[in-house]
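So the structure is just underneath, and the comments pick up after that.
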Amino acid sequence: MAVLEVDHLVKRYRRGPRANDGVTLRAEEGEVLGLLGHNGAGKTTLINQVVGLARPTSGTIRLAGGDPVADPASARAACALMPQSQVPLDGITPRQAVETTARIRGAPRQRARARTGDLLAALDIEEWADTAGEHLSGGVRRLTAFAMTAAEPGRLVIMDEPTNDVDPVRRRLLWAQVRALAAGGRAVLLVTHNVAEAERSADRLAVMDSGRVVAEGTPAGLRAGVAGDLRLDLLMADADAPEVAFAGAGRPHRVGRRIIVPLPADAADAALACAQRLRAAGRIEEFALTPVSLEDVYIGLVGGGSEEGHHGALAA
Ligand SMILES: Nc1ncnc2c1ncn2[C@@H]1O[C@H](COP(=O)(O)OP(=O)(O)OP(=O)(O)O)[C@@H](O)[C@H]1O
């Protein structure tokens, strides 16, 4: 069942672009939906409308059966938001912040206390549970903000870059809690620039660019939609070396000495043999054949920015 339904949403700022330009998406009960997009793609604008902080120019939003535009208070009750910016914690401890948030969001005292203890333990930050916020590291502050959001969350949980500043081990603990929120029947909307994390943590992904959803699907489905199944990574011996053309390959991306060549699976054997010859001849320093990553797909959809021009192709 859809917890969030956004249809043809348009937001035009008075002095600015169409920050959302016809966005349609759904977030279902029990799923983590990743929202990917470059800076300025329109992700925050979308969230602000979902939680009733900004008014759409046109289009509709249904959140847990209600309308956040007509009734922003009910939207905020149905949804917990972990914003991109650090939450102010000066003068209060993580335990106080999480427990108080749960209480404000309607949890009875016993439940708020128990849930706070469980979350601080699950995120491995009990050590700092009673330390004043101004003495906490950025990562512990971030994990505290996550626990505040997860304490008494409502049916939709929105998280904007939740793992910023968090160490790799505690990131895994955080993701386990995100999965637990979804397993408990919540819809989770995860906003991020981190394609690799989104790939591992989200059930479905929506990619935004210039105010529009330009692709949507499971990580595997999005990867299957690109031309090459594989990519050949080449480190050329010389930055000015001409590019190497492989039979059946897609358009290469070049950054300095590094060249990435998309390859269909049936062209891989020939390309590998060819790369081995070029390495033996000293023209390639090293190479690796890997499956296409979601990051490749993402760059293909929204543009890379750092790709350099071609240096002329040379048949291998
Ligand atoms: N209050 C505002 N007034 C005018 N233009 C705005 C306003 N807020 C955002 N914009 C513009 O709307 C577009 C979308 O911005 P938005 O913040 O939604 O993008 P984003 O995808 O969240 O970016 P980021 O990943 O950097 O957080 C941008 O061009 C931005 O400059």
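By order in the structure tokens, chains are A, B, ...; within a chain, residues start at 1; ligands start at 1, following the order shown.
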
Closest atom pairs, residues of chain A within 7 Å of ligand 1, only C-alpha atoms and all ligand atoms, as a tab-separated table:
```
residue	atom	partner	partner_atom_place_in_ligand_line	distance
A:Tyr13	CA	ligand 1	4 (C)	4.9
A:Arg14	CA	ligand 1	4 (C)	6.6
A:Arg15	CA	ligand 1	4 (C)	5.5
A:Gly16	CA	ligand 1	5 (N)	4.6
A:Pro17	CA	ligand 1	29 (O)	6.0
A:Arg18	CA	ligand 1	12 (O)	6.9
A:Ala19	CA	ligand 1	12 (O)	4.2
A:Gly37	CA	ligand 1	21 (O)	5.9
A:His38	CA	ligand 1	25 (O)	5.5
A:Asn39	CA	ligand 1	26 (O)	3.3
A:Gly40	CA	ligand 1	19 (O)	3.3
A:Ala41	CA	ligand 1	21 (O)	3.7
A:Gly42	CA	ligand 1	18 (O)	3.2
A:Lys43	CA	ligand 1	21 (O)	3.8
A:Thr44	CA	ligand 1	22 (O)	3.6
A:Thr45	CA	ligand 1	18 (O)	3.7
A:Leu46	CA	ligand 1	18 (O)	6.5
A:Gly211	CA	ligand 1	14 (C)	6.8
```

Do a neighbour search on Ala80 of chain A at 7 Å with only C-alpha atoms, toss out local chain neighbours closer than 2 positions, and write the hits as a PyMOL selection string. chain A and resi 76+82+149+153-154+156-158

Write a file of the just-selected residues containing N, CA and C atoms, as an mmCIF file, in the first residue's frame.
```cif
data_model
loop_
_atom_site.group_PDB
_atom_site.id
_atom_site.type_symbol
_atom_site.label_atom_id
_atom_site.label_comp_id
_atom_site.auth_asym_id
_atom_site.auth_seq_id
_atom_site.Cartn_x
_atom_site.Cartn_y
_atom_site.Cartn_z
ATOM 1 N N ARG A 76 2.940 16.267 9.380
ATOM 2 C CA ARG A 76 4.108 16.166 10.268
ATOM 3 C C ARG A 76 3.924 15.053 11.303
ATOM 4 N N MET A 82 14.532 13.466 9.064
ATOM 5 C CA MET A 82 15.904 13.718 9.515
ATOM 6 C C MET A 82 16.519 14.664 8.491
ATOM 7 N N THR A 149 14.821 10.638 14.897
ATOM 8 C CA THR A 149 13.868 10.435 13.806
ATOM 9 C C THR A 149 13.204 9.066 13.908
ATOM 10 N N PRO A 153 8.362 7.140 14.747
ATOM 11 C CA PRO A 153 8.513 7.733 13.429
ATOM 12 C C PRO A 153 7.269 8.034 12.584
ATOM 13 N N GLY A 154 6.103 7.526 12.875
ATOM 14 C CA GLY A 154 5.006 7.735 11.936
ATOM 15 C C GLY A 154 5.152 6.794 10.750
ATOM 16 N N LEU A 156 5.767 7.444 7.462
ATOM 17 C CA LEU A 156 6.810 7.757 6.475
ATOM 18 C C LEU A 156 8.025 8.322 7.210
ATOM 19 N N VAL A 157 9.190 7.791 6.896
ATOM 20 C CA VAL A 157 10.425 8.312 7.483
ATOM 21 C C VAL A 157 11.253 8.877 6.340
ATOM 22 N N ILE A 158 11.604 10.170 6.433
ATOM 23 C CA ILE A 158 12.428 10.790 5.392
ATOM 24 C C ILE A 158 13.785 11.092 5.993
#
```

Within 7 Å of segment 51-66 of chain A using only C-alpha atoms, minus same-chain residues under 5 positions, as number ranges by chain: A: 3-12, 72, 75-76, 78, 155

Convert the current residue selection to file output with C-alpha atoms, as an mmCIF file, in the first residue's frame.
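Produced file selection.cif, reproduced below:
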```
data_model
loop_
_atom_site.group_PDB
_atom_site.id
_atom_site.type_symbol
_atom_site.label_atom_id
_atom_site.label_comp_id
_atom_site.auth_asym_id
_atom_site.auth_seq_id
_atom_site.Cartn_x
_atom_site.Cartn_y
_atom_site.Cartn_z
ATOM 1 C CA VAL A 3 2.117 5.643 2.116
ATOM 2 C CA LEU A 4 3.234 8.525 -0.102
ATOM 3 C CA GLU A 5 1.742 9.374 -3.490
ATOM 4 C CA VAL A 6 3.081 12.362 -5.378
ATOM 5 C CA ASP A 7 1.419 13.239 -8.684
ATOM 6 C CA HIS A 8 2.577 15.730 -11.307
ATOM 7 C CA LEU A 9 4.049 17.978 -8.660
ATOM 8 C CA VAL A 10 5.294 21.362 -9.840
ATOM 9 C CA LYS A 11 7.061 23.891 -7.638
ATOM 10 C CA ARG A 12 8.151 27.176 -9.157
ATOM 11 C CA PRO A 72 0.416 20.343 7.333
ATOM 12 C CA ALA A 75 1.542 15.501 7.583
ATOM 13 C CA ARG A 76 4.108 16.166 10.268
ATOM 14 C CA ALA A 78 2.475 10.995 9.821
ATOM 15 C CA ARG A 155 4.270 5.942 8.658
#
```

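Near Gly221 of chain A, within a cut-off of 12 Å and counting only C-alpha atoms, sit the residues Glu199, Asp203, Arg204, Leu205, Ala206, Ala215, Glu216, Gly217, Gly225, Val226, Ser293, Leu294 and Val297 of chain A, with same-chain residues fewer than 4 positions away left out.
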
Keeping only N, CA and C atoms, take the residues you just selected and write them out as a CSV table (one decimal), in the first residue's frame.
```
chain,number,residue,atom,x,y,z
A,199,GLU,N,22.5,2.0,-3.5
A,199,GLU,CA,22.3,0.7,-4.1
A,199,GLU,C,22.2,-0.4,-3.1
A,203,ASP,N,15.4,-0.4,-1.7
A,203,ASP,CA,14.7,-1.4,-2.6
A,203,ASP,C,14.4,-0.9,-4.0
A,204,ARG,N,14.1,0.4,-4.0
A,204,ARG,CA,13.9,1.0,-5.3
A,204,ARG,C,14.6,2.4,-5.3
A,205,LEU,N,14.9,2.9,-6.5
A,205,LEU,CA,15.5,4.2,-6.6
A,205,LEU,C,14.8,5.1,-7.6
A,206,ALA,N,14.7,6.3,-7.3
A,206,ALA,CA,14.2,7.3,-8.2
A,206,ALA,C,15.4,8.3,-8.4
A,215,ALA,N,14.5,8.5,-14.0
A,215,ALA,CA,14.6,7.1,-14.0
A,215,ALA,C,14.1,6.6,-12.7
A,216,GLU,N,13.5,5.4,-12.7
A,216,GLU,CA,13.0,4.8,-11.5
A,216,GLU,C,13.0,3.3,-11.6
A,217,GLY,N,13.3,2.6,-10.6
A,217,GLY,CA,13.3,1.1,-10.6
A,217,GLY,C,14.2,0.5,-9.5
A,225,GLY,N,19.3,-1.6,-17.5
A,225,GLY,CA,18.8,-0.7,-18.6
A,225,GLY,C,19.9,-0.1,-19.4
A,226,VAL,N,21.1,-0.2,-19.0
A,226,VAL,CA,22.2,0.5,-19.7
A,226,VAL,C,22.8,-0.4,-20.8
A,293,SER,N,28.4,-0.5,-12.7
A,293,SER,CA,27.9,-0.2,-11.3
A,293,SER,C,26.7,0.8,-11.5
A,294,LEU,N,26.0,0.9,-10.4
A,294,LEU,CA,24.9,1.8,-10.4
A,294,LEU,C,25.4,3.3,-10.7
A,297,VAL,N,25.5,4.0,-14.2
A,297,VAL,CA,24.1,4.2,-14.7
A,297,VAL,C,23.7,5.7,-14.3
```

Could you pull out the residues in segment 124-213 of chain A that DSSP calls strand (DSSP E) from the backbone, as an MDAnalysis selection string? chainID A and resid 156:160 187:192 204:209 212:213

Residues near Gln84 of chain A, anyone? I mean within 9 Å using only C-alpha atoms, not counting same-chain ones fewer than 2 positions away, as a VMD selection string. chain A and resid 82 86 to 87 159 to 162 164 191

Those residues with C-alpha atoms, as a CSV table (one decimal), in the first residue's frame please?
```csv
chain,number,residue,atom,x,y,z
A,82,MET,CA,15.9,13.7,9.5
A,86,GLN,CA,22.9,18.9,12.0
A,87,VAL,CA,20.2,19.3,14.6
A,159,MET,CA,16.2,10.9,5.8
A,160,ASP,CA,18.4,13.4,4.1
A,161,GLU,CA,22.0,12.1,3.9
A,162,PRO,CA,21.7,10.2,7.1
A,164,ASN,CA,27.2,12.0,6.6
A,191,VAL,CA,17.7,11.2,0.0
```

What does the structure give for the distance between atom CA of Gly139 of chain A and atom CA of Asp167 of chain A, in Å to one decimal?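 Calculated distance between atom CA of Gly139 of chain A and atom CA of Asp167 of chain A is 7.0 Å.
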
Based on DSSP run over this structure's backbone, return all residues of segment 73-279 of chain A in alpha helix (DSSP H), as a ChimeraX atom specification. /A:73-78,94-104,109-122,138-151,168-183,195-201,219-224,268-279

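When only C-alpha atoms are used to measure the gap to Leu123 of chain A, the shortest distance among A:Leu289, A:Ile47, A:Ala150, A:Ala102 belongs to A:Ala150.
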
I'd like to know which of A:Ala122, A:Asp209, A:Leu272, A:Asn194 is closest to Leu232 of chain A, using only C-alpha atoms. A:Leu272

Interatomic distance (Å, one decimal) between atom CA of Arg141 of chain A and atom CA of Leu89 of chain A: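 These two atoms are separated by 7.7 Å.
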
Extract, using only C-alpha atoms, all DNA, RNA and protein residues at most 10 Å from Arg279 of chain A, discarding same-chain residues fewer than 5 positions from it, and format them as a short mmCIF file (atom, residue, chain, number, x, y, z; two decimals) with C-alpha atoms, in the first residue's frame.
```cif
data_model
loop_
_atom_site.label_atom_id
_atom_site.label_comp_id
_atom_site.auth_asym_id
_atom_site.auth_seq_id
_atom_site.Cartn_x
_atom_site.Cartn_y
_atom_site.Cartn_z
CA LEU A 234 42.18 1.01 -18.29
CA LEU A 235 45.07 2.94 -16.80
CA MET A 236 47.04 4.20 -19.78
CA ALA A 237 50.83 4.39 -19.53
CA CYS A 274 43.40 -7.18 -26.52
CA ILE A 284 48.43 0.10 -20.74
CA GLU A 285 49.74 0.08 -17.19
CA GLU A 286 46.87 -1.93 -15.72
CA PHE A 287 43.29 -2.93 -16.49
#
```
